[in-house]
Amino acid sequence: MRAKITYTVTAAVLVVYFVLAGSRGVILIQDGAPVTVTFGVAVLILPVIGVWFLWQNTRFVTRANRLAAELDAEGGLPVDELRRTPSGRVDRDSADEVFQRRKAETEDTPDDWRCWFRLAVAYHDARDTPRARKAMQRAIALHDGRPTTETA
């Protein structure tokens with residue numbers, strides 16, 4: 001729940017920033033001088049990119065949460081079997097062991113979105129966020145029936 005609140009607050013702050021930056025861009029364009037119009041257009045581009053990025057991330061998080069809820073209802077969420085350091089961080093060797101099992105499971109059934117979801121969690125636990133995101137995107141695509149081409 002804490003992560004959802006943090007994400008919502010961050011998204012709201014970004015939207016306020018996008019509105020403020022966009023209004024400044026419009027003010028610069030309304031000035032009419034070639035230099036200010038150029039700057040105004042440039043200032044408007046940044047909020048557009050930001051809104052697109054925020055939208056893509058929100059869609060990703062929503063879809064991943066939907067898969068997690070579905071997997072939880074099936075009783076298929078991965079069990080936290082990781083050893084932790086005294087400070088609470090995941091032990092790297094433990095994460096690697098679990099990752100190897102999840103990778104083998106995914107290689108055995110590459111068309112099962114559930115395996116890709118669990119692999120994404122294993123990547124995340126192993127602190128490999130880019131691969132975790134790719135694996136989750138693959139899980140989402142498989143769940144939605146879209147074609148995929150990447151391997152584990």
# chains A, B, ... in the order shown; residues from 1 in each chain; ligands from 1
>>> residues_around(residues="Val43 of chain A", least_positions_apart="6", cutoff="8 Å", atoms="only C-alpha atoms", output="short mmCIF file (atom, residue, chain, number, x, y, z; two decimals) with N, CA and C atoms, in the first residue's frame")
data_model
loop_
_atom_site.label_atom_id
_atom_site.label_comp_id
_atom_site.auth_asym_id
_atom_site.auth_seq_id
_atom_site.Cartn_x
_atom_site.Cartn_y
_atom_site.Cartn_z
N ALA A 21 4.86 23.79 -16.33
CA ALA A 21 5.80 23.94 -17.45
C ALA A 21 5.05 24.23 -18.74
N GLY A 22 3.95 23.54 -18.96
CA GLY A 22 3.15 23.77 -20.16
C GLY A 22 2.61 25.18 -20.22
N ARG A 24 3.96 27.81 -18.91
CA ARG A 24 5.08 28.70 -19.22
C ARG A 24 5.41 28.64 -20.71
N GLY A 25 5.30 27.46 -21.27
CA GLY A 25 5.53 27.32 -22.71
C GLY A 25 4.52 28.11 -23.52
#
>>> select_by_dssp(residues="chain A", states="helix (DSSP H, G or I)", output="ChimeraX atom specification")
/A:2-31,34-74,92-108,113-125,129-144
>>> residues_around(residues="Thr58 of chain A", least_positions_apart="4", cutoff="10 Å", atoms="only C-alpha atoms", output="VMD selection string")
chain A and resid 7 to 8 11 52 to 54 62 to 64
>>> write_last_selection(atoms="C-alpha atoms", output="PDB file, in the first residue's frame")
ATOM      1  CA  TYR A   7       3.498   6.347  -6.768  1.00  0.00           C
ATOM      2  CA  THR A   8       0.238   8.318  -6.662  1.00  0.00           C
ATOM      3  CA  ALA A  11       2.478  11.105 -10.277  1.00  0.00           C
ATOM      4  CA  TRP A  52       3.746   9.911 -22.262  1.00  0.00           C
ATOM      5  CA  PHE A  53       6.362   8.382 -19.954  1.00  0.00           C
ATOM      6  CA  LEU A  54       4.074   8.631 -16.913  1.00  0.00           C
ATOM      7  CA  THR A  62      -1.574  -1.495 -13.525  1.00  0.00           C
ATOM      8  CA  ARG A  63      -1.138  -4.518 -15.793  1.00  0.00           C
ATOM      9  CA  ALA A  64       1.557  -6.051 -13.577  1.00  0.00           C
TER      10      ALA A  64
END
>>> closest_residue(among="A:Lys4, A:Arg118, A:Arg92, A:His143", to="Ala104 of chain A", atoms="only C-alpha atoms")
A:Arg118
>>> closest_residue(among="A:Pro147, A:Pro86, A:Pro130, A:Pro78", to="Phe117 of chain A", atoms="only C-alpha atoms")
A:Pro78
>>> residues_around(residues="Leu77 of chain A", least_positions_apart="3", cutoff="9 Å", atoms="only C-alpha atoms", output="ChimeraX atom specification")
/A:68-69,71-74,114,117-118
>>> write_last_selection(atoms="all heavy atoms", output="mmCIF file, in the first residue's frame")
data_model
loop_
_atom_site.group_PDB
_atom_site.id
_atom_site.type_symbol
_atom_site.label_atom_id
_atom_site.label_comp_id
_atom_site.auth_asym_id
_atom_site.auth_seq_id
_atom_site.Cartn_x
_atom_site.Cartn_y
_atom_site.Cartn_z
ATOM 1 N N ALA A 68 -0.503 -9.961 -10.910
ATOM 2 C CA ALA A 68 -0.196 -10.405 -9.550
ATOM 3 C C ALA A 68 -1.469 -10.828 -8.828
ATOM 4 O O ALA A 68 -1.486 -11.858 -8.137
ATOM 5 C CB ALA A 68 0.513 -9.295 -8.776
ATOM 6 N N ALA A 69 -2.540 -10.064 -8.989
ATOM 7 C CA ALA A 69 -3.805 -10.415 -8.342
ATOM 8 C C ALA A 69 -4.353 -11.731 -8.889
ATOM 9 O O ALA A 69 -4.842 -12.580 -8.133
ATOM 10 C CB ALA A 69 -4.819 -9.291 -8.531
ATOM 11 N N LEU A 71 -2.608 -14.167 -10.305
ATOM 12 C CA LEU A 71 -1.725 -15.244 -9.868
ATOM 13 C C LEU A 71 -1.944 -15.544 -8.386
ATOM 14 O O LEU A 71 -1.921 -16.711 -7.971
ATOM 15 C CB LEU A 71 -0.270 -14.857 -10.126
ATOM 16 C CG LEU A 71 0.753 -15.964 -10.229
ATOM 17 C CD1 LEU A 71 0.346 -17.001 -11.271
ATOM 18 C CD2 LEU A 71 2.112 -15.398 -10.571
ATOM 19 N N ASP A 72 -2.195 -14.518 -7.606
ATOM 20 C CA ASP A 72 -2.482 -14.709 -6.186
ATOM 21 C C ASP A 72 -3.772 -15.495 -5.998
ATOM 22 O O ASP A 72 -3.850 -16.391 -5.154
ATOM 23 C CB ASP A 72 -2.571 -13.356 -5.483
ATOM 24 C CG ASP A 72 -2.718 -13.472 -3.982
ATOM 25 O OD1 ASP A 72 -2.204 -14.455 -3.407
ATOM 26 O OD2 ASP A 72 -3.326 -12.567 -3.375
ATOM 27 N N ALA A 73 -4.787 -15.189 -6.795
ATOM 28 C CA ALA A 73 -6.063 -15.904 -6.706
ATOM 29 C C ALA A 73 -5.897 -17.382 -7.061
ATOM 30 O O ALA A 73 -6.593 -18.239 -6.524
ATOM 31 C CB ALA A 73 -7.099 -15.257 -7.617
ATOM 32 N N GLU A 74 -4.940 -17.669 -7.949
ATOM 33 C CA GLU A 74 -4.664 -19.053 -8.335
ATOM 34 C C GLU A 74 -3.744 -19.752 -7.335
ATOM 35 O O GLU A 74 -3.537 -20.960 -7.428
ATOM 36 C CB GLU A 74 -3.983 -19.099 -9.712
ATOM 37 C CG GLU A 74 -4.821 -18.606 -10.845
ATOM 38 C CD GLU A 74 -4.033 -18.549 -12.152
ATOM 39 O OE1 GLU A 74 -2.809 -18.865 -12.155
ATOM 40 O OE2 GLU A 74 -4.633 -18.189 -13.174
ATOM 41 N N ARG A 114 2.729 -17.099 -16.353
ATOM 42 C CA ARG A 114 2.982 -17.252 -14.917
ATOM 43 C C ARG A 114 4.472 -17.445 -14.643
ATOM 44 O O ARG A 114 5.023 -16.889 -13.690
ATOM 45 C CB ARG A 114 2.181 -18.429 -14.374
ATOM 46 C CG ARG A 114 0.687 -18.194 -14.413
ATOM 47 C CD ARG A 114 -0.069 -19.526 -14.314
ATOM 48 N NE ARG A 114 -1.491 -19.326 -14.508
ATOM 49 C CZ ARG A 114 -2.076 -19.309 -15.701
ATOM 50 N NH1 ARG A 114 -1.373 -19.476 -16.803
ATOM 51 N NH2 ARG A 114 -3.378 -19.115 -15.796
ATOM 52 N N PHE A 117 6.198 -14.165 -15.079
ATOM 53 C CA PHE A 117 5.942 -13.294 -13.933
ATOM 54 C C PHE A 117 6.896 -13.652 -12.798
ATOM 55 O O PHE A 117 7.540 -12.781 -12.213
ATOM 56 C CB PHE A 117 4.487 -13.445 -13.469
ATOM 57 C CG PHE A 117 4.129 -12.532 -12.331
ATOM 58 C CD1 PHE A 117 3.530 -11.313 -12.579
ATOM 59 C CD2 PHE A 117 4.399 -12.880 -11.018
ATOM 60 C CE1 PHE A 117 3.201 -10.453 -11.540
ATOM 61 C CE2 PHE A 117 4.092 -12.034 -9.972
ATOM 62 C CZ PHE A 117 3.489 -10.819 -10.235
ATOM 63 N N ARG A 118 6.990 -14.954 -12.489
ATOM 64 C CA ARG A 118 7.883 -15.385 -11.416
ATOM 65 C C ARG A 118 9.352 -15.085 -11.751
ATOM 66 O O ARG A 118 10.135 -14.745 -10.871
ATOM 67 C CB ARG A 118 7.661 -16.863 -11.108
ATOM 68 C CG ARG A 118 6.329 -17.127 -10.409
ATOM 69 C CD ARG A 118 6.197 -18.553 -9.943
ATOM 70 N NE ARG A 118 5.920 -19.471 -11.033
ATOM 71 C CZ ARG A 118 4.702 -19.840 -11.415
ATOM 72 N NH1 ARG A 118 3.639 -19.366 -10.797
ATOM 73 N NH2 ARG A 118 4.550 -20.697 -12.406
#
>>> residues_around(residues="segment 93-100 of chain A", least_positions_apart="2", cutoff="10 Å", atoms="only C-alpha atoms", output="ChimeraX atom specification")
/A:80-84,90-91,102-106,118-127
>>> residues_around(residues="Ile27 of chain A", least_positions_apart="5", cutoff="12 Å", atoms="only C-alpha atoms", output="PyMOL selection string")
chain A and resi 20-22+32-33+36-41+43-44
>>> write_last_selection(atoms="N, CA and C atoms", output="PDB file, in the first residue's frame")
ATOM      1  N   LEU A  20       2.407  23.326 -14.965  1.00  0.00           N
ATOM      2  CA  LEU A  20       3.154  24.588 -14.792  1.00  0.00           C
ATOM      3  C   LEU A  20       4.125  24.827 -15.947  1.00  0.00           C
ATOM      4  N   ALA A  21       4.860  23.788 -16.330  1.00  0.00           N
ATOM      5  CA  ALA A  21       5.804  23.939 -17.446  1.00  0.00           C
ATOM      6  C   ALA A  21       5.053  24.233 -18.741  1.00  0.00           C
ATOM      7  N   GLY A  22       3.946  23.539 -18.957  1.00  0.00           N
ATOM      8  CA  GLY A  22       3.154  23.768 -20.159  1.00  0.00           C
ATOM      9  C   GLY A  22       2.613  25.184 -20.222  1.00  0.00           C
ATOM     10  N   GLY A  32       5.264  35.948 -28.928  1.00  0.00           N
ATOM     11  CA  GLY A  32       5.320  36.189 -30.359  1.00  0.00           C
ATOM     12  C   GLY A  32       6.695  36.406 -30.965  1.00  0.00           C
ATOM     13  N   ALA A  33       7.701  36.698 -30.155  1.00  0.00           N
ATOM     14  CA  ALA A  33       9.048  36.884 -30.711  1.00  0.00           C
ATOM     15  C   ALA A  33       9.594  35.518 -31.135  1.00  0.00           C
ATOM     16  N   THR A  36      11.312  33.537 -28.308  1.00  0.00           N
ATOM     17  CA  THR A  36      10.423  33.042 -27.250  1.00  0.00           C
ATOM     18  C   THR A  36       9.484  31.959 -27.768  1.00  0.00           C
ATOM     19  N   VAL A  37       9.075  32.079 -29.034  1.00  0.00           N
ATOM     20  CA  VAL A  37       8.238  31.017 -29.617  1.00  0.00           C
ATOM     21  C   VAL A  37       9.026  29.713 -29.680  1.00  0.00           C
ATOM     22  N   THR A  38      10.282  29.799 -30.089  1.00  0.00           N
ATOM     23  CA  THR A  38      11.140  28.606 -30.151  1.00  0.00           C
ATOM     24  C   THR A  38      11.300  27.996 -28.764  1.00  0.00           C
ATOM     25  N   PHE A  39      11.601  28.835 -27.776  1.00  0.00           N
ATOM     26  CA  PHE A  39      11.722  28.334 -26.407  1.00  0.00           C
ATOM     27  C   PHE A  39      10.402  27.774 -25.897  1.00  0.00           C
ATOM     28  N   GLY A  40       9.311  28.433 -26.238  1.00  0.00           N
ATOM     29  CA  GLY A  40       7.994  27.965 -25.809  1.00  0.00           C
ATOM     30  C   GLY A  40       7.674  26.583 -26.348  1.00  0.00           C
ATOM     31  N   VAL A  41       7.971  26.376 -27.618  1.00  0.00           N
ATOM     32  CA  VAL A  41       7.744  25.051 -28.216  1.00  0.00           C
ATOM     33  C   VAL A  41       8.622  24.012 -27.518  1.00  0.00           C
ATOM     34  N   VAL A  43       9.779  24.120 -24.496  1.00  0.00           N
ATOM     35  CA  VAL A  43       9.260  23.909 -23.143  1.00  0.00           C
ATOM     36  C   VAL A  43       8.004  23.034 -23.182  1.00  0.00           C
ATOM     37  N   LEU A  44       7.198  23.151 -24.216  1.00  0.00           N
ATOM     38  CA  LEU A  44       5.997  22.320 -24.331  1.00  0.00           C
ATOM     39  C   LEU A  44       6.324  20.856 -24.654  1.00  0.00           C
TER      40      LEU A  44
END
>>> atom_distance(atom1="atom CA of Leu142 of chain A", atom2="atom CA of Cys115 of chain A")
10.4 Å
>>> atom_distance(atom1="atom CA of Phe60 of chain A", atom2="atom CA of Ala139 of chain A")
11.1 Å
>>> atom_distance(atom1="atom CA of Val51 of chain A", atom2="atom CA of Val16 of chain A")
10.9 Å
